[in-house]
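Down below is the structure, laid out as structure tokens.
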Protein chains: 2
Amino acid sequence: MREFKRKSRVLLVDDNADHLRGIKELVTLEGCYDVVGTTTSANVAINLIKKYRPDIVLMDINMPEKDGLQAIQEIEKLGLDTRVIALSGYDDADLIFRAMKIGAKGYVLKTMASAQLIYAIDEVAAGKVYLPSALSSRFFEYFQRSFKNEAVVSDEENLLTYLTSREEEVLELLTQGNNYKGIAGKLFISETTVKTHVNNIFQKLQVNDRTQAVLYAINNGFGNRKRSKVAV
Amino acid sequence: MREFKRKSRVLLVDDNADHLRGIKELVTLEGCYDVVGTTTSANVAINLIKKYRPDIVLMDINMPEKDGLQAIQEIEKLGLDTRVIALSGYDDADLIFRAMKIGAKGYVLKTMASAQLIYAIDEVAAGKVYLPSALSSRFFEYFQRSFKNEAVVSDEENLLTYLTSREEEVLELLTQGNNYKGIAGKLFISETTVKTHVNNIFQKLQVNDRTQAVLYAINNGFGNRKRSKVAV
DNA sequence: TTCGTTCTAAATCTTTAGATTGATAAAATA
DNA sequence: TATTTTATCAATCTAAAGATTTAGAACGAA
């Protein structure tokens with residue numbers, strides 16, 4: 001499949017010049033890539049990217065001077081079609097998670113076989129996001145751990161379950177920043193009725209004012225359950 | 001490697017009885033699994049899990065009566081060592097994301113080759129989290145998209161950047177549900193000073209009351225930036 | 001020194017929020 | 001049928017929130 005496509009244009013970034021040469025040799029030998037540049041500096045890399053618009057950037061993220069993750073973030077902000085693969089010496093779950101979060105399209109360890117790197121480039125060049133199976137597993141462990149606290153909260157202890165549907169409507173509007181008058185207008189009921197509902201909500205959620213009610217709602221999976229938390 | 005380990009005990013759940021038989025045959029023929037039970041009902045499945053404590057559960061998540069995702073969530077809440085693999089007919093990114101979020105250790109399409117399913121069981125039984133490469137790619141696209149809005153928000157448009165450090169302290173206490181008196185006590189300043197700060201915060205955030213201020217803070221990356229949003 | 005910012009504070013005032021009590025009617029449930 | 005829950009509304013009252021103005025002290029920058 002690969003031989004039918006135009007050559008992917010690749011930029012290599014690694015603060016270790018020796019390693020940089022090694023990668024260049026490896027990628028060049030493969031034959032189906034144009035290495036448009038190599039650099040040991042993240043800052044230079046960003047300028048090169050603006051100039052040459054490579055398809056793929058292999059970015060070492062364990063660099064002393066400038067953080068590779070930060071560089072990736074800046075590249076993503078440019079809004080180009082350039083896709084970045086993070087190169088790292090560590091399979092640390094937190095590093096992997098952060099890299100993928102900020103938009104890296106792949107994450108490959110330096111210790112992995114060169115065939116693995118080439119495969120990653122191919123996959124990412126084809127528009128996919130690629131994580132080797134071993135790293136993918138680490139990522140998901142981290143990912144699931146970050147949701148576990150939330151799951152505990154959403155137990156039967158959730159006071160929101162005691163609210164009537166009307167009270168939920170009122171709380172929904174409260175969490176949008178409405179005052180009594182606003183809620184009354186939107187629900188076509190009187191302001192005093194709204195006050196009654198709000199007071200009942202306070203009782204059920206065991207809070208003293210609307211701010212606390214809104215905070216409780218947000219922290220306990222209110223808001224169409226469309227919003228969740230991930231520790232980052 | 002597989003032949004050195006004890007047989008993994010597997011429970012199969014699928015509302016389609018025919019498909020259930022097919023999977024059972026497939027898994028049984030493999031020889032290194034004990035199928036401890038099969039059922040077409042998610043509710044029955046949960047009871048079976050409590051009784052037999054299987055190592056692996058293959059759970060169809062596209063069932064009419066009870067939602068498979070909900071079943072997985074309930075299983076996770078049991079806190080057992082049972083690891084659930086989601087079986088689905090759809091490679092919908094949202095479905096994959098939700099399944100992994102609630103704790104599924106794998107996600108396999110029914111249309112995939114049987115070898116793929118066996119491989120997934122092996123990986124998950126070995127303690128890993130496994131997503132086939134194609135689904136992993138979809139997951140990450142969804143995952144990264146969910147973080148993109150956040151990145152846009154955290155630009156220079158964030159009104160929070162205009163707050164002084166003292167105002168940030170006050171806002172922080174506001175987002176914890178404190179009233180004027182509480183904030184005054186905690187910052188060792190008078191209540192009127194707090195009011196001044198709060199009023200200045202309102203001006204800068206362009207809101208009218210504390211609830212709106214708190215909502216703005218939460219939705220724009222306040223709170224040590226330890227909390228992020230993922231659309232689920 | 002002068003200027004701007006920030007933090008502090010008070011006084012005054014209006015508006016909103018919240019507590020409490022009591023009441024009616026429909027709807028669900030026992 | 002009797003009872004409970006829910007939704008609606010009113011009146012009253014206190015407490016809290018918020019708007020506005022004014023101003024002193026500290027600090028750093030021009």
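Identifiers for the structure tokens are assigned positionally: chains receive A, B, ... in sequence, residues are indexed from 1 per chain, and ligands are indexed from 1 in the order shown.
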
Subject >> DSSP-assigned helix (DSSP H, G or I) among stretch 31-147 of chain B, expressed as number ranges by chain >> reply: B: 42-52, 68-78, 93-101, 114-125, 133-147

**OP:** Run DSSP on the backbone of this structure and report the residues of stretch 29-213 of chain B it assigns to strand (DSSP E), as a PyMOL selection string.
**Re:** chain B and resi 33-39+56-60+83-88+106-109

Original post:
How far apart are chain A and chain B by Cα RMSD after a least-squares superposition over every Cα, paired in order?
Top reply: 1.3 Å

Using only C-alpha atoms (C1' of nucleotides), which residues of chain B come within 12 Å of chain D, and what is the closest atom pair for each, with the distance in Å to one decimal? Give it as a Markdown table, sorted by chain and residue number.
```
| residue | atom | partner | partner_atom | distance |
| --- | --- | --- | --- | --- |
| B:Asn179 | CA | D:DA16 | C1' | 8.6 |
| B:Tyr180 | CA | D:DA16 | C1' | 8.6 |
| B:Lys181 | CA | D:DA16 | C1' | 9.9 |
| B:Glu191 | CA | D:DA17 | C1' | 11.7 |
| B:Thr192 | CA | D:DG18 | C1' | 11.4 |
| B:Val194 | CA | D:DA17 | C1' | 11.7 |
| B:Lys195 | CA | D:DG18 | C1' | 8.1 |
| B:Thr196 | CA | D:DG18 | C1' | 9.8 |
| B:His197 | CA | D:DG18 | C1' | 11.7 |
| B:Val198 | CA | D:DG18 | C1' | 9.1 |
| B:Asn199 | CA | D:DG18 | C1' | 7.5 |
| B:Asn200 | CA | D:DA19 | C1' | 11.1 |
| B:Phe202 | CA | D:DG18 | C1' | 9.9 |
| B:Gln203 | CA | D:DA19 | C1' | 11.3 |
| B:Val207 | CA | D:DG18 | C1' | 11.6 |
| B:Asn208 | CA | D:DG18 | C1' | 8.5 |
| B:Asp209 | CA | D:DG18 | C1' | 7.6 |
| B:Arg210 | CA | D:DA17 | C1' | 8.9 |
| B:Thr211 | CA | D:DA17 | C1' | 11.3 |
```

**OP:** In Å, rounded to a single decimal, give me how far atom CA of B:Asp122 is from atom CA of B:Val84.
**Re:** 12.4 Å

Which chain B residues have any atom within 9 Å of an atom of chain C, and for each, what is the nearest pair of atoms with distance in Å to one decimal, counting only C-alpha atoms (C1' of nucleotides), rows sorted by chain and number, as a Markdown table?
```
| residue | atom | partner | partner_atom | distance |
| --- | --- | --- | --- | --- |
| B:Thr164 | CA | C:DT6 | C1' | 8.0 |
| B:Arg166 | CA | C:DC7 | C1' | 8.1 |
| B:Ile189 | CA | C:DT8 | C1' | 8.1 |
| B:Ser190 | CA | C:DA9 | C1' | 7.4 |
| B:Thr192 | CA | C:DA9 | C1' | 6.6 |
| B:Thr193 | CA | C:DA9 | C1' | 6.0 |
```

**OP:** Excluding A:Tyr90 and any residue of its chain fewer than 3 positions from it, enumerate the residues within 12 Å of it, using only C-alpha atoms (C1' of nucleotides), and give them as a ChimeraX atom specification.
**Re:** /A:60-62,86-87,93-96,107-112,135,138

**OP:** Tell me which protein, DNA and RNA residues are within 10 Å of A:Ile121, counting only C-alpha atoms (C1' of nucleotides), leaving out same-chain ones fewer than 3 positions away, and put them as an MDAnalysis selection string.
**Re:** chainID A and resid 8 10 27 33 55:58 83:85 105:106 108 115:118 124:130

Go ahead and write the selection's residues with N, CA and C atoms as a tab-separated table (two decimals), in the first residue's frame.
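File written: selection02.tsv
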```
chain	number	residue	atom	x	y	z
A	8	SER	N	5.97	10.67	2.47
A	8	SER	CA	5.66	11.52	3.61
A	8	SER	C	6.89	12.36	3.95
A	10	VAL	N	9.07	14.24	6.53
A	10	VAL	CA	9.29	14.04	7.96
A	10	VAL	C	10.33	14.99	8.52
A	27	VAL	N	15.22	6.20	9.07
A	27	VAL	CA	14.05	6.66	8.33
A	27	VAL	C	14.36	6.81	6.84
A	33	TYR	N	10.22	7.94	2.76
A	33	TYR	CA	10.07	9.20	3.49
A	33	TYR	C	11.09	10.21	3.00
A	55	ASP	N	4.72	16.52	6.96
A	55	ASP	CA	3.54	15.71	7.29
A	55	ASP	C	3.66	15.15	8.70
A	56	ILE	N	4.87	14.74	9.02
A	56	ILE	CA	5.12	14.06	10.30
A	56	ILE	C	6.30	14.71	11.03
A	57	VAL	N	6.15	14.86	12.32
A	57	VAL	CA	7.27	15.31	13.14
A	57	VAL	C	7.54	14.24	14.19
A	58	LEU	N	8.79	13.76	14.25
A	58	LEU	CA	9.18	12.87	15.33
A	58	LEU	C	9.82	13.74	16.39
A	83	ARG	N	1.42	16.23	11.76
A	83	ARG	CA	1.07	15.30	12.84
A	83	ARG	C	2.32	14.90	13.60
A	84	VAL	N	2.25	15.02	14.90
A	84	VAL	CA	3.44	14.81	15.72
A	84	VAL	C	3.42	13.44	16.40
A	85	ILE	N	4.55	12.75	16.32
A	85	ILE	CA	4.73	11.50	17.07
A	85	ILE	C	5.73	11.76	18.18
A	105	LYS	N	-0.06	12.34	17.92
A	105	LYS	CA	-0.79	11.32	17.18
A	105	LYS	C	-0.16	9.94	17.37
A	106	GLY	N	0.94	9.91	18.11
A	106	GLY	CA	1.57	8.64	18.39
A	106	GLY	C	2.60	8.82	19.49
A	108	VAL	N	6.12	6.64	20.78
A	108	VAL	CA	6.97	5.48	20.58
A	108	VAL	C	8.19	5.57	21.48
A	115	ALA	N	11.44	-1.27	13.44
A	115	ALA	CA	10.26	-1.60	12.65
A	115	ALA	C	9.00	-1.00	13.28
A	116	GLN	N	9.01	-0.96	14.61
A	116	GLN	CA	7.88	-0.40	15.35
A	116	GLN	C	7.73	1.09	15.04
A	117	LEU	N	8.86	1.77	14.97
A	117	LEU	CA	8.84	3.20	14.67
A	117	LEU	C	8.32	3.45	13.26
A	118	ILE	N	8.82	2.66	12.34
A	118	ILE	CA	8.38	2.81	10.94
A	118	ILE	C	6.89	2.55	10.82
A	124	VAL	N	0.38	6.84	11.38
A	124	VAL	CA	0.06	8.24	11.63
A	124	VAL	C	-0.03	9.01	10.31
A	125	ALA	N	0.85	8.68	9.39
A	125	ALA	CA	0.80	9.33	8.08
A	125	ALA	C	-0.51	9.02	7.37
A	126	ALA	N	-1.08	7.86	7.69
A	126	ALA	CA	-2.33	7.45	7.07
A	126	ALA	C	-3.53	8.07	7.77
A	127	GLY	N	-3.25	8.94	8.74
A	127	GLY	CA	-4.35	9.64	9.38
A	127	GLY	C	-4.83	9.03	10.68
A	128	LYS	N	-4.19	7.95	11.08
A	128	LYS	CA	-4.63	7.30	12.32
A	128	LYS	C	-3.85	7.85	13.52
A	129	VAL	N	-4.33	7.50	14.68
A	129	VAL	CA	-3.59	7.77	15.90
A	129	VAL	C	-3.05	6.43	16.34
A	130	TYR	N	-1.75	6.38	16.65
A	130	TYR	CA	-1.18	5.07	16.94
A	130	TYR	C	-0.39	5.01	18.24
```

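When atom CA of A:Ser136 is paired with atom CA of B:Pro54, their separation reads 24.5 Å.
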
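Going from atom CA of A:Ile23 over to atom CA of A:Pro132, you cover 18.3 Å.
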
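Minimum atom-to-atom distances from B:Arg98, B:Lys186, B:Lys204, B:Arg53 to chain A were compared using only C-alpha atoms, and the lowest value belongs to B:Arg98.
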
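Residue nearest chain A within the list B:Val170, B:Ala104, B:Leu160, B:Ala184: B:Ala104 [criterion: smallest interatomic distance, only C-alpha atoms].
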